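Engineer: Structure file start_3.csv (CSV, C-alpha atoms) is given on the next line.
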```csv
chain,number,residue,atom,x,y,z
M,1,MET,CA,21.7,0.9,-38.2
M,2,SER,CA,19.5,3.3,-36.3
M,3,THR,CA,20.0,7.0,-36.9
M,4,LYS,CA,17.9,8.0,-34.0
M,5,ASN,CA,18.9,11.1,-32.1
M,6,LEU,CA,17.7,11.8,-28.6
M,7,ASP,CA,18.3,14.8,-26.4
M,8,ILE,CA,16.6,14.5,-23.0
M,9,ASN,CA,17.5,17.2,-20.5
M,10,VAL,CA,15.2,17.3,-17.4
M,11,HIS,CA,16.5,20.1,-15.3
M,12,HIS,CA,15.3,19.4,-11.8
M,13,VAL,CA,13.2,16.3,-11.5
M,14,THR,CA,9.9,17.3,-9.9
M,15,ARG,CA,7.6,15.9,-7.3
M,16,VAL,CA,10.5,14.3,-5.3
M,17,GLU,CA,12.5,15.4,-2.3
M,18,GLY,CA,16.0,16.5,-3.4
M,19,HIS,CA,17.5,18.0,-6.5
M,20,GLY,CA,18.3,15.9,-9.5
M,21,ASN,CA,18.7,16.3,-13.3
M,22,ILE,CA,18.4,13.6,-15.9
M,23,VAL,CA,20.5,13.9,-19.1
M,24,VAL,CA,20.3,11.4,-21.9
M,25,ASN,CA,22.0,12.0,-25.3
M,26,VAL,CA,21.8,9.6,-28.2
M,27,LYS,CA,23.5,10.4,-31.5
M,28,ASP,CA,22.9,8.2,-34.6
M,29,GLY,CA,21.5,5.5,-32.5
M,30,SER,CA,24.4,5.3,-30.0
M,31,LEU,CA,24.2,6.4,-26.4
M,32,GLU,CA,26.6,9.2,-25.7
M,33,LYS,CA,25.5,10.3,-22.2
M,34,CYS,CA,23.1,8.9,-19.6
M,35,GLU,CA,23.3,10.6,-16.3
M,36,LEU,CA,21.3,11.2,-13.2
M,37,GLN,CA,23.0,14.3,-11.8
M,38,ILE,CA,22.6,14.9,-8.1
M,39,VAL,CA,22.7,18.7,-7.9
M,40,GLU,CA,21.6,19.0,-4.2
M,41,PRO,CA,23.7,21.5,-2.3
M,42,PRO,CA,25.8,19.4,0.2
M,43,ARG,CA,25.1,20.0,3.9
M,44,PHE,CA,28.0,18.1,5.7
M,45,PHE,CA,26.0,16.6,8.6
M,46,GLU,CA,29.0,14.5,9.7
M,47,ALA,CA,30.9,17.7,10.3
M,48,PHE,CA,27.9,19.4,12.1
M,49,LEU,CA,28.1,16.7,14.7
M,50,ARG,CA,31.8,17.2,15.6
M,51,GLY,CA,32.2,18.8,19.0
M,52,ARG,CA,28.5,18.7,19.8
M,53,SER,CA,27.0,16.9,22.8
M,54,TRP,CA,25.7,13.4,22.3
M,55,LYS,CA,22.4,14.8,23.4
M,56,GLU,CA,22.1,16.8,20.2
M,57,ALA,CA,23.0,14.1,17.8
M,58,ALA,CA,19.4,12.9,17.1
M,59,LEU,CA,18.1,16.4,17.0
M,60,ILE,CA,20.7,17.4,14.4
M,61,THR,CA,20.5,14.4,12.2
M,62,SER,CA,16.7,14.4,12.1
M,63,ARG,CA,17.2,17.5,9.9
M,64,ILE,CA,18.8,15.4,7.2
M,65,CYS,CA,15.4,15.0,5.6
M,66,GLY,CA,12.1,16.9,6.2
M,67,ILE,CA,10.1,14.1,4.7
M,68,CYS,CA,11.4,11.2,6.8
M,69,SER,CA,12.8,12.9,9.9
M,70,PRO,CA,11.7,10.2,12.4
M,71,GLY,CA,13.7,7.5,10.6
M,72,HIS,CA,16.9,9.6,10.9
M,73,GLN,CA,16.1,10.5,14.4
M,74,LEU,CA,15.5,7.0,15.6
M,75,THR,CA,18.5,5.6,13.8
M,76,SER,CA,20.7,8.2,15.5
M,77,LEU,CA,19.2,7.5,18.9
M,78,LYS,CA,20.0,3.8,18.4
M,79,ALA,CA,23.6,4.5,17.4
M,80,THR,CA,24.0,6.7,20.5
M,81,GLU,CA,22.5,4.1,22.8
M,82,ASP,CA,24.7,1.3,21.2
M,83,ALA,CA,27.8,3.5,21.7
M,84,MET,CA,26.9,4.0,25.4
M,85,GLY,CA,25.5,0.6,26.2
M,86,ILE,CA,22.1,1.9,27.0
M,87,GLU,CA,19.2,-0.5,26.9
M,88,ILE,CA,15.7,0.9,26.3
M,89,SER,CA,12.5,-0.3,27.9
M,90,GLU,CA,9.8,-2.3,26.2
M,91,GLN,CA,7.5,0.8,26.4
M,92,THR,CA,10.1,3.0,24.7
M,93,LEU,CA,10.6,0.5,22.0
M,94,LEU,CA,6.9,0.2,21.3
M,95,LEU,CA,6.5,4.0,21.2
M,96,ARG,CA,9.4,4.3,18.8
M,97,LYS,CA,7.9,1.6,16.5
M,98,MET,CA,4.7,3.6,16.5
M,99,LEU,CA,6.5,6.8,15.6
M,100,LEU,CA,8.3,4.9,12.8
M,101,GLY,CA,5.0,3.5,11.7
M,102,GLY,CA,3.5,6.9,11.6
M,103,SER,CA,6.4,8.1,9.5
M,104,PHE,CA,6.0,5.2,7.0
M,105,LEU,CA,2.3,6.2,6.7
M,106,GLN,CA,3.3,9.9,6.1
M,107,SER,CA,5.8,9.0,3.4
M,108,HIS,CA,3.7,6.4,1.6
M,109,ILE,CA,0.6,8.7,1.6
M,110,LEU,CA,2.7,11.6,0.4
M,111,HIS,CA,4.2,9.5,-2.4
M,112,VAL,CA,1.0,7.7,-3.6
M,113,CYS,CA,-1.6,10.5,-3.1
M,114,PHE,CA,0.4,13.7,-3.7
M,115,LEU,CA,3.4,12.9,-5.8
M,116,ALA,CA,2.4,9.9,-8.0
M,117,ALA,CA,-1.4,10.2,-8.2
M,118,PRO,CA,-1.3,13.3,-10.5
M,119,ASP,CA,0.4,11.1,-13.1
M,120,LEU,CA,-2.3,8.5,-12.8
M,121,PHE,CA,-5.0,11.1,-13.3
M,122,GLY,CA,-3.1,13.0,-16.0
M,123,GLU,CA,-2.5,16.1,-14.0
M,124,PRO,CA,0.9,17.9,-13.4
M,125,SER,CA,0.3,18.1,-9.7
M,126,VAL,CA,-2.1,17.6,-6.8
M,127,ILE,CA,-3.2,21.3,-7.3
M,128,PRO,CA,-5.3,20.9,-10.4
M,129,LEU,CA,-6.3,17.5,-9.2
M,130,ALA,CA,-8.0,19.2,-6.2
M,131,ALA,CA,-10.3,20.8,-8.8
M,132,THR,CA,-10.9,17.8,-11.0
M,133,ARG,CA,-11.0,15.1,-8.4
M,134,PRO,CA,-11.8,16.7,-5.0
M,135,ASP,CA,-12.9,13.3,-3.7
M,136,VAL,CA,-9.5,11.8,-4.2
M,137,VAL,CA,-7.6,14.9,-2.7
M,138,LYS,CA,-10.0,15.2,0.3
M,139,ARG,CA,-9.5,11.5,1.2
M,140,ALA,CA,-5.7,11.9,0.7
M,141,LEU,CA,-5.7,15.0,3.0
M,142,LYS,CA,-7.6,13.0,5.7
M,143,LEU,CA,-5.1,10.1,5.5
M,144,LYS,CA,-2.2,12.5,5.6
M,145,LYS,CA,-3.6,14.2,8.7
M,146,LEU,CA,-4.0,10.8,10.4
M,147,ALA,CA,-0.3,10.0,9.7
M,148,ASN,CA,0.9,13.5,10.8
M,149,ASP,CA,-1.2,13.4,14.0
M,150,THR,CA,0.3,10.0,14.9
M,151,CYS,CA,3.8,11.4,14.6
M,152,ASP,CA,2.9,14.6,16.4
M,153,VAL,CA,1.3,12.7,19.4
M,154,VAL,CA,4.0,10.0,19.7
M,155,GLY,CA,7.0,12.0,18.7
M,156,ALA,CA,6.0,15.1,20.7
M,157,GLY,CA,6.8,17.0,17.6
M,158,ARG,CA,5.5,19.1,14.8
M,159,CYS,CA,4.7,16.6,12.0
M,160,THR,CA,8.0,16.4,10.4
M,161,ARG,CA,10.1,16.0,13.5
M,162,SER,CA,10.3,16.1,17.2
M,163,GLN,CA,12.8,18.3,19.1
M,164,TRP,CA,13.6,15.6,21.5
M,165,TYR,CA,16.5,16.7,23.8
M,166,PRO,CA,17.4,14.3,26.7
M,167,ALA,CA,17.6,16.0,30.1
M,168,ALA,CA,20.1,13.5,31.5
I,1,MET,CA,-6.9,37.9,-10.2
I,2,LYS,CA,-5.2,35.3,-7.9
I,3,PRO,CA,-1.6,36.2,-7.0
I,4,LYS,CA,0.9,33.8,-8.6
I,5,VAL,CA,3.0,32.1,-6.0
I,6,ALA,CA,6.2,30.1,-6.4
I,7,PHE,CA,8.2,27.9,-3.9
I,8,PHE,CA,11.9,27.4,-4.2
I,9,ASP,CA,14.5,25.6,-2.1
I,10,PHE,CA,18.2,26.1,-1.6
I,11,THR,CA,20.2,24.2,1.0
I,12,GLY,CA,17.8,22.4,3.4
I,13,CYS,CA,15.7,19.3,4.0
I,14,GLU,CA,12.5,20.5,2.3
I,15,GLY,CA,10.5,19.9,5.5
I,16,CYS,CA,9.2,23.5,5.5
I,17,GLN,CA,7.7,23.1,2.0
I,18,LEU,CA,6.2,19.9,3.2
I,19,GLN,CA,4.5,21.8,6.1
I,20,VAL,CA,2.6,23.7,3.3
I,21,LEU,CA,1.2,20.4,2.0
I,22,ASN,CA,0.6,19.5,5.7
I,23,CYS,CA,-2.0,22.2,5.9
I,24,GLU,CA,-4.6,19.5,5.5
I,25,ASP,CA,-7.7,21.4,6.7
I,26,GLU,CA,-6.8,24.6,4.9
I,27,LEU,CA,-5.0,23.4,1.7
I,28,LEU,CA,-8.0,23.5,-0.6
I,29,ASP,CA,-8.9,27.0,0.6
I,30,ILE,CA,-5.3,28.2,0.1
I,31,LEU,CA,-5.3,26.7,-3.4
I,32,GLY,CA,-8.5,28.6,-4.1
I,33,ALA,CA,-7.0,31.9,-3.2
I,34,ILE,CA,-3.6,31.7,-4.8
I,35,GLU,CA,-2.2,30.2,-8.0
I,36,ILE,CA,0.9,28.1,-7.4
I,37,VAL,CA,3.0,28.3,-10.6
I,38,ASN,CA,6.3,26.8,-9.4
I,39,PHE,CA,6.7,24.2,-6.6
I,40,ARG,CA,9.3,21.6,-7.6
I,41,GLU,CA,8.7,19.3,-4.6
I,42,ALA,CA,5.0,19.0,-5.4
I,43,SER,CA,4.4,20.0,-9.0
I,44,SER,CA,5.7,19.5,-12.5
I,45,VAL,CA,4.5,23.0,-13.5
I,46,LYS,CA,7.5,25.4,-13.7
I,47,LEU,CA,6.6,28.9,-14.7
I,48,ASP,CA,8.9,31.9,-14.2
I,49,ASN,CA,6.2,34.6,-13.8
I,50,TYR,CA,5.3,35.0,-10.2
I,51,ASP,CA,4.3,37.7,-7.7
I,52,ILE,CA,5.2,36.0,-4.4
I,53,ALA,CA,8.2,33.7,-3.9
I,54,PHE,CA,8.7,31.5,-0.9
I,55,GLY,CA,12.4,30.4,-0.4
I,56,GLU,CA,13.4,27.5,1.8
I,57,GLY,CA,17.0,26.6,2.8
I,58,SER,CA,20.3,28.5,3.4
I,59,ILE,CA,22.6,29.9,0.7
I,60,SER,CA,25.6,27.6,0.6
I,61,THR,CA,26.8,27.3,-3.0
I,62,PRO,CA,27.6,29.8,-5.8
I,63,THR,CA,24.5,28.2,-7.6
I,64,CYS,CA,22.3,29.1,-4.6
I,65,VAL,CA,23.5,32.7,-4.9
I,66,GLU,CA,22.8,33.0,-8.6
I,67,ARG,CA,19.3,31.4,-8.2
I,68,VAL,CA,18.2,33.6,-5.3
I,69,LYS,CA,19.3,36.7,-7.1
I,70,LYS,CA,17.2,35.7,-10.2
I,71,ILE,CA,14.2,34.9,-8.0
I,72,ARG,CA,14.5,38.3,-6.2
I,73,GLU,CA,14.5,40.1,-9.6
I,74,LYS,CA,11.3,38.3,-10.6
I,75,ALA,CA,9.3,38.3,-7.3
I,76,LYS,CA,7.5,41.3,-6.0
I,77,ILE,CA,7.5,39.8,-2.5
I,78,LEU,CA,10.1,37.4,-1.2
I,79,VAL,CA,9.4,35.4,1.9
I,80,THR,CA,11.8,33.1,3.6
I,81,LEU,CA,10.4,29.8,4.7
I,82,GLY,CA,11.9,28.3,7.9
I,83,ALA,CA,15.1,28.5,10.0
I,84,CYS,CA,17.7,27.7,7.3
I,85,ALA,CA,16.4,30.5,5.0
I,86,SER,CA,15.6,33.0,7.7
I,87,THR,CA,18.5,32.7,10.1
I,88,GLY,CA,20.9,30.2,8.5
I,89,GLY,CA,19.7,27.4,10.7
I,90,LEU,CA,21.7,24.3,11.6
I,91,ASN,CA,23.6,24.5,8.3
I,92,ALA,CA,25.7,27.3,9.8
I,93,LEU,CA,27.3,24.8,12.1
I,94,LYS,CA,29.8,24.1,9.4
I,95,ASN,CA,30.9,27.8,9.4
I,96,PHE,CA,32.8,27.2,12.6
I,97,GLN,CA,35.2,24.7,10.9
I,98,PRO,CA,37.7,25.1,8.0
I,99,LEU,CA,35.5,24.5,4.9
I,100,GLU,CA,38.2,22.7,2.9
I,101,GLU,CA,38.7,20.3,5.8
I,102,VAL,CA,34.9,19.8,6.2
I,103,ARG,CA,34.6,18.8,2.6
I,104,ARG,CA,37.5,16.3,2.9
I,105,TYR,CA,36.1,14.9,6.2
I,106,VAL,CA,32.7,14.1,4.7
I,107,TYR,CA,33.5,13.3,1.1
I,108,GLY,CA,37.1,12.2,1.2
I,109,ASP,CA,38.7,12.1,-2.3
I,110,LYS,CA,35.4,13.1,-3.9
I,111,ALA,CA,35.4,16.4,-2.0
I,112,ASP,CA,36.0,18.4,-5.2
I,113,CYS,CA,32.6,17.3,-6.5
I,114,PHE,CA,30.9,19.2,-3.6
I,115,GLU,CA,31.4,22.9,-3.9
I,116,THR,CA,30.5,24.9,-0.9
I,117,ILE,CA,30.8,28.4,0.5
I,118,PRO,CA,30.1,29.7,4.1
I,119,VAL,CA,26.4,29.4,4.9
I,120,ARG,CA,24.3,32.5,4.9
I,121,PRO,CA,20.6,33.2,5.5
I,122,VAL,CA,18.8,34.5,2.4
I,123,ASP,CA,18.7,38.2,3.6
I,124,GLN,CA,22.5,38.3,3.6
I,125,VAL,CA,22.4,37.9,-0.2
I,126,VAL,CA,19.2,39.7,-1.3
I,127,LYS,CA,16.4,41.8,0.3
I,128,VAL,CA,13.8,39.7,2.1
I,129,ASP,CA,10.3,41.1,2.7
I,130,TYR,CA,9.0,38.7,5.3
I,131,LYS,CA,10.4,35.8,7.3
I,132,ILE,CA,8.6,32.7,8.5
I,133,HIS,CA,10.7,31.2,11.3
I,134,GLY,CA,11.0,27.8,12.8
I,135,CYS,CA,12.4,24.3,12.1
I,136,PRO,CA,10.1,23.5,10.6
I,137,VAL,CA,7.7,26.4,10.1
I,138,ASP,CA,4.5,26.4,11.9
I,139,LYS,CA,1.5,25.7,9.6
I,140,GLU,CA,-0.6,28.4,11.2
I,141,GLU,CA,2.1,31.0,10.7
I,142,PHE,CA,2.4,30.1,7.1
I,143,ILE,CA,-1.4,30.5,6.7
I,144,GLU,CA,-1.4,33.8,8.6
I,145,THR,CA,1.4,35.1,6.3
I,146,VAL,CA,-0.4,34.1,3.1
I,147,THR,CA,-3.6,35.6,4.4
I,148,ALA,CA,-1.9,38.9,5.4
I,149,LEU,CA,-0.2,39.1,1.9
I,150,LEU,CA,-3.6,38.5,0.2
I,151,PHE,CA,-5.2,41.4,2.2
I,152,GLY,CA,-2.1,43.6,1.9
I,153,ARG,CA,-1.5,43.9,5.6
I,154,GLU,CA,1.4,43.0,7.9
I,155,PRO,CA,1.5,39.3,9.1
I,156,LYS,CA,0.7,39.1,12.8
I,157,VAL,CA,3.7,37.4,14.3
I,158,PRO,CA,4.5,37.4,18.1
I,159,LYS,CA,7.2,39.8,19.2
I,160,TYR,CA,7.6,38.2,22.6
I,161,PRO,CA,9.7,35.2,23.8
I,162,VAL,CA,8.7,31.6,23.9
I,163,CYS,CA,8.4,31.9,27.7
I,164,VAL,CA,5.2,33.9,27.3
I,165,GLU,CA,3.5,31.1,25.4
I,166,CYS,CA,5.1,28.5,27.7
I,167,LYS,CA,3.6,30.3,30.8
I,168,LEU,CA,0.2,30.5,29.1
I,169,ARG,CA,0.3,26.7,28.7
I,170,GLU,CA,1.1,26.5,32.5
I,171,ASN,CA,4.2,24.5,32.0
I,172,GLY,CA,6.8,24.1,34.7
I,173,CYS,CA,10.0,26.1,33.9
I,174,ARG,CA,12.7,23.9,32.4
I,175,PHE,CA,15.3,25.8,34.4
I,176,ASP,CA,13.7,24.5,37.6
I,177,TYR,CA,14.5,21.0,36.3
I,178,GLY,CA,18.1,22.0,36.0
I,179,GLU,CA,18.0,22.3,32.3
I,180,LEU,CA,19.2,25.1,30.0
I,181,CYS,CA,16.3,26.4,27.8
I,182,LEU,CA,16.5,29.0,25.1
I,183,GLY,CA,12.9,30.1,25.6
I,184,PRO,CA,13.8,33.4,27.3
I,185,ILE,CA,15.6,34.8,24.2
I,186,THR,CA,13.8,32.9,21.4
I,187,ARG,CA,11.0,34.4,19.3
I,188,ALA,CA,7.6,32.9,20.1
I,189,GLY,CA,5.0,31.6,17.6
I,190,CYS,CA,5.4,27.8,18.2
I,191,LYS,CA,3.0,27.8,21.1
I,192,ALA,CA,5.9,26.6,23.2
I,193,ARG,CA,5.5,23.1,21.7
I,194,CYS,CA,8.8,21.7,22.9
I,195,PRO,CA,8.7,22.8,26.6
I,196,SER,CA,5.0,21.6,26.6
I,197,ASN,CA,6.3,18.2,25.7
I,198,ASN,CA,8.9,18.1,28.5
I,199,ASN,CA,11.7,19.3,26.2
I,200,ILE,CA,13.8,22.4,26.3
I,201,CYS,CA,13.5,25.1,23.7
I,202,VAL,CA,16.4,24.7,21.3
I,203,GLY,CA,15.9,28.1,19.7
I,204,CYS,CA,14.8,27.1,16.3
I,205,ARG,CA,12.7,30.2,15.7
I,206,GLY,CA,15.8,32.5,16.2
I,207,LEU,CA,16.7,35.3,18.4
I,208,LEU,CA,14.0,37.8,19.5
I,209,ASP,CA,14.4,41.2,17.8
I,210,ASP,CA,14.9,42.8,21.2
I,211,PRO,CA,16.0,40.1,23.6
I,212,ASN,CA,16.6,40.7,27.3
I,213,THR,CA,20.0,39.0,27.2
I,214,ASP,CA,21.1,40.5,30.6
I,215,ALA,CA,18.1,38.9,32.3
I,216,ALA,CA,18.8,35.6,30.5
I,217,ASN,CA,22.4,35.7,31.8
I,218,ASP,CA,21.2,36.4,35.3
I,219,VAL,CA,19.0,33.4,35.1
I,220,LEU,CA,22.0,31.3,33.9
I,221,LYS,CA,24.1,32.4,36.8
I,222,LYS,CA,21.3,31.5,39.3
I,223,TYR,CA,21.2,28.0,37.9
I,224,GLY,CA,25.0,27.6,37.9
I,225,LEU,CA,25.3,27.4,34.1
I,226,THR,CA,28.2,28.8,32.2
I,227,ALA,CA,28.2,31.2,29.3
I,228,GLU,CA,30.2,28.7,27.3
I,229,GLU,CA,27.4,26.1,27.5
I,230,LEU,CA,25.0,28.8,26.5
I,231,LEU,CA,27.0,29.8,23.5
I,232,LYS,CA,27.4,26.3,22.3
I,233,LYS,CA,23.7,25.8,22.5
I,234,TYR,CA,22.9,29.0,20.7
I,235,ARG,CA,25.0,27.6,17.9
I,236,LEU,CA,22.6,24.8,17.2
I,237,PHE,CA,20.2,27.2,15.4
I,238,TYR,CA,21.9,30.4,16.1
I,239,GLY,CA,25.2,29.6,14.3
I,240,TYR,CA,24.9,32.6,12.0
I,241,SER,CA,23.8,35.1,14.6
I,242,GLU,CA,26.2,37.5,16.4
I,243,VAL,CA,25.4,35.9,19.8
I,244,ALA,CA,27.0,32.6,18.8
I,245,GLN,CA,30.0,34.0,17.0
```
Transcribe the structure of this file into structure tokens.

Structural biologist:
Amino acid sequence: MSTKNLDINVHHVTRVEGHGNIVVNVKDGSLEKCELQIVEPPRFFEAFLRGRSWKEAALITSRICGICSPGHQLTSLKATEDAMGIEISEQTLLLRKMLLGGSFLQSHILHVCFLAAPDLFGEPSVIPLAATRPDVVKRALKLKKLANDTCDVVGAGRCTRSQWYPAA
Amino acid sequence: MKPKVAFFDFTGCEGCQLQVLNCEDELLDILGAIEIVNFREASSVKLDNYDIAFGEGSISTPTCVERVKKIREKAKILVTLGACASTGGLNALKNFQPLEEVRRYVYGDKADCFETIPVRPVDQVVKVDYKIHGCPVDKEEFIETVTALLFGREPKVPKYPVCVECKLRENGCRFDYGELCLGPITRAGCKARCPSNNNICVGCRGLLDDPNTDAANDVLKKYGLTAEELLKKYRLFYGYSEVAQ
């Protein structure tokens, strides 16, 4: 019988969007507690949308997440269009796919190069990595700029989101 | 010695902190001039000794209140990062509905797990030294603020409305397209990005310190728009401000 005791208490997991704690307690070899606690303050987007114009829905919901705004924005547009029976043109569809592609690039580069890479190089963040491996960080910044520029140009926005507001 | 800088977030989407990492061309220079000692979104280093604190997000839970007070005690300079922290942002939309009902509407029988209080910008809880506006913040304005703090001078931030930047970019006026635009009363600094992309200004940078609201109302009347429409629009990012109440 194991007598192992374990007391893991990570207060705010780092290098990730959102607030989470990890708590693992083991006493005399038996697991007493194993929790991923989501401690993010709630925002209530569903309630924000009540009483607002359909024109604002995508603009509001794109603020759910600053890392992947285009995904939330495009999904919301799709829902609005479904509700109103609107069919979009081939050109619009292609542009939206390009925006979403840009967003995937943004997120993957952020994850791999900025949030995960420090672990692979044994650093606590990209900040000391910039000093020890400037080649890696410089390339990452270039890739990131490419992804951000794509979203900026296609989404008429500011990297993390566009302020698209239909005139109709 | 390099000033120690910390980044914290309260209730928000973390997009403004991401804008810091998005300073691709300047990030290495910035990191050469300051020492980042706390930045949960980007770093596992968590130190509690800092000179300058940047705070993102609105204050919307008792935990946020406690945290921001502790941060204020430790930081020599506190800067709000983005609309949620500086003016309350979109989060304040929930203040117009009964909070208990809002919790039930979104989380049903799990509502009790999600504590919430009316949304406030950071300066309604503690003293704020500087504000960086926008949803999200403009990279250049962040860099300007950091530069100003390093040199011990005031950040150079426009004190005129978005219309000034919009005219400089030679855009057609959105009102002439029959749209309602918040440019005339909204603080500039975004280079009128939205009107320059055929969108209206939705007011994400907040109300000018000294807006000409009478003139804005005259414009509204001229285009047959109602005050009610205007107020509802203000609420998008102006929920916390007196104008929208």

Engineer: In Å, how far is it from CA of Glu56 (chain M) to CA of Ala147 (chain M)?

Structural biologist: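 Distance between the two atoms: 25.7 Å.
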
Engineer: Select from region 16-65 of chain M every residue with an atom at most 12 Å from any atom of region 103-125 of chain I, then for each give the shortest pair of atoms and their distance in Å to one decimal, using only C-alpha atoms, rows by chain and rising number, as CSV.

Structural biologist:
```
residue,atom,partner,partner_atom,distance
M:Gln37,CA,I:Cys113,CA,11.4
M:Ile38,CA,I:Phe114,CA,10.4
M:Val39,CA,I:Phe114,CA,9.3
M:Glu40,CA,I:Phe114,CA,9.3
M:Pro41,CA,I:Phe114,CA,7.7
M:Pro42,CA,I:Phe114,CA,6.4
M:Arg43,CA,I:Thr116,CA,8.7
M:Phe44,CA,I:Val106,CA,6.3
M:Phe45,CA,I:Val106,CA,8.1
M:Glu46,CA,I:Val106,CA,6.2
M:Ala47,CA,I:Val106,CA,6.9
M:Phe48,CA,I:Val106,CA,10.3
M:Leu49,CA,I:Val106,CA,11.3
M:Arg50,CA,I:Tyr105,CA,10.6
```

Engineer: If you keep C-alpha atoms, can you produce a file of those selected residues as an mmCIF file, in the frame of the given file?

Structural biologist:
```cif
data_model
loop_
_atom_site.group_PDB
_atom_site.id
_atom_site.type_symbol
_atom_site.label_atom_id
_atom_site.label_comp_id
_atom_site.auth_asym_id
_atom_site.auth_seq_id
_atom_site.Cartn_x
_atom_site.Cartn_y
_atom_site.Cartn_z
ATOM 1 C CA GLN M 37 23.000 14.300 -11.800
ATOM 2 C CA ILE M 38 22.600 14.900 -8.100
ATOM 3 C CA VAL M 39 22.700 18.700 -7.900
ATOM 4 C CA GLU M 40 21.600 19.000 -4.200
ATOM 5 C CA PRO M 41 23.700 21.500 -2.300
ATOM 6 C CA PRO M 42 25.800 19.400 0.200
ATOM 7 C CA ARG M 43 25.100 20.000 3.900
ATOM 8 C CA PHE M 44 28.000 18.100 5.700
ATOM 9 C CA PHE M 45 26.000 16.600 8.600
ATOM 10 C CA GLU M 46 29.000 14.500 9.700
ATOM 11 C CA ALA M 47 30.900 17.700 10.300
ATOM 12 C CA PHE M 48 27.900 19.400 12.100
ATOM 13 C CA LEU M 49 28.100 16.700 14.700
ATOM 14 C CA ARG M 50 31.800 17.200 15.600
#
```

Engineer: Tell me the residues of chain I close to chain M, meaning within 6 Å using all atoms listed in the file, as a PyMOL selection string.

Structural biologist: chain I and resi 11+13-15+24+40-44+93-94+197+199

Engineer: What would the file look like if the residues just selected were written as an mmCIF file, in the frame of the given file with C-alpha atoms?

Structural biologist:
```cif
data_model
loop_
_atom_site.group_PDB
_atom_site.id
_atom_site.type_symbol
_atom_site.label_atom_id
_atom_site.label_comp_id
_atom_site.auth_asym_id
_atom_site.auth_seq_id
_atom_site.Cartn_x
_atom_site.Cartn_y
_atom_site.Cartn_z
ATOM 1 C CA THR I 11 20.200 24.200 1.000
ATOM 2 C CA CYS I 13 15.700 19.300 4.000
ATOM 3 C CA GLU I 14 12.500 20.500 2.300
ATOM 4 C CA GLY I 15 10.500 19.900 5.500
ATOM 5 C CA GLU I 24 -4.600 19.500 5.500
ATOM 6 C CA ARG I 40 9.300 21.600 -7.600
ATOM 7 C CA GLU I 41 8.700 19.300 -4.600
ATOM 8 C CA ALA I 42 5.000 19.000 -5.400
ATOM 9 C CA SER I 43 4.400 20.000 -9.000
ATOM 10 C CA SER I 44 5.700 19.500 -12.500
ATOM 11 C CA LEU I 93 27.300 24.800 12.100
ATOM 12 C CA LYS I 94 29.800 24.100 9.400
ATOM 13 C CA ASN I 197 6.300 18.200 25.700
ATOM 14 C CA ASN I 199 11.700 19.300 26.200
#
```

Engineer: Which one of I:Cys173, I:Leu47, I:Ile185, I:Ala53 sits closest to Val79 (chain I) if you count only C-alpha atoms?

Structural biologist: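 Ranking I:Cys173, I:Leu47, I:Ile185, I:Ala53 by distance to Val79 (chain I), first place goes to I:Ala53.
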
Engineer: CA of Glu35 (chain I) and CA of Asp48 (chain I) are how many Å apart?

Structural biologist: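 Value for the CA of Glu35 (chain I)-CA of Asp48 (chain I) distance: 12.8 Å.
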
Engineer: Between CA of Cys201 (chain I) and CA of Ala79 (chain M), measure the distance and give it in Å to one decimal.

Structural biologist: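 Between CA of Cys201 (chain I) and CA of Ala79 (chain M) the gap works out to 23.8 Å.
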
Engineer: Kindly write region 90-118 of chain M with C-alpha atoms to a file, as a tab-separated table (two decimals), in the first residue's frame.

Structural biologist:
```tsv
chain	number	residue	atom	x	y	z
M	90	GLU	CA	-19.24	32.97	-53.22
M	91	GLN	CA	-16.90	35.93	-52.80
M	92	THR	CA	-18.08	36.59	-49.25
M	93	LEU	CA	-17.67	32.92	-48.40
M	94	LEU	CA	-14.11	32.87	-49.73
M	95	LEU	CA	-13.18	36.04	-47.86
M	96	ARG	CA	-14.60	34.61	-44.65
M	97	LYS	CA	-12.63	31.40	-45.15
M	98	MET	CA	-9.51	33.49	-45.60
M	99	LEU	CA	-10.23	35.40	-42.39
M	100	LEU	CA	-10.79	32.15	-40.53
M	101	GLY	CA	-7.56	30.77	-42.02
M	102	GLY	CA	-5.73	33.85	-40.80
M	103	SER	CA	-7.23	33.32	-37.37
M	104	PHE	CA	-6.11	29.66	-37.29
M	105	LEU	CA	-2.61	30.81	-38.20
M	106	GLN	CA	-2.70	33.43	-35.43
M	107	SER	CA	-3.76	30.93	-32.79
M	108	HIS	CA	-1.42	28.13	-33.83
M	109	ILE	CA	1.61	30.41	-34.04
M	110	LEU	CA	0.73	31.97	-30.69
M	111	HIS	CA	0.38	28.54	-29.11
M	112	VAL	CA	3.41	26.84	-30.64
M	113	CYS	CA	5.89	29.72	-30.71
M	114	PHE	CA	4.88	31.86	-27.75
M	115	LEU	CA	3.12	29.67	-25.21
M	116	ALA	CA	4.51	26.15	-25.73
M	117	ALA	CA	8.01	26.82	-27.15
M	118	PRO	CA	9.38	28.18	-23.84
```
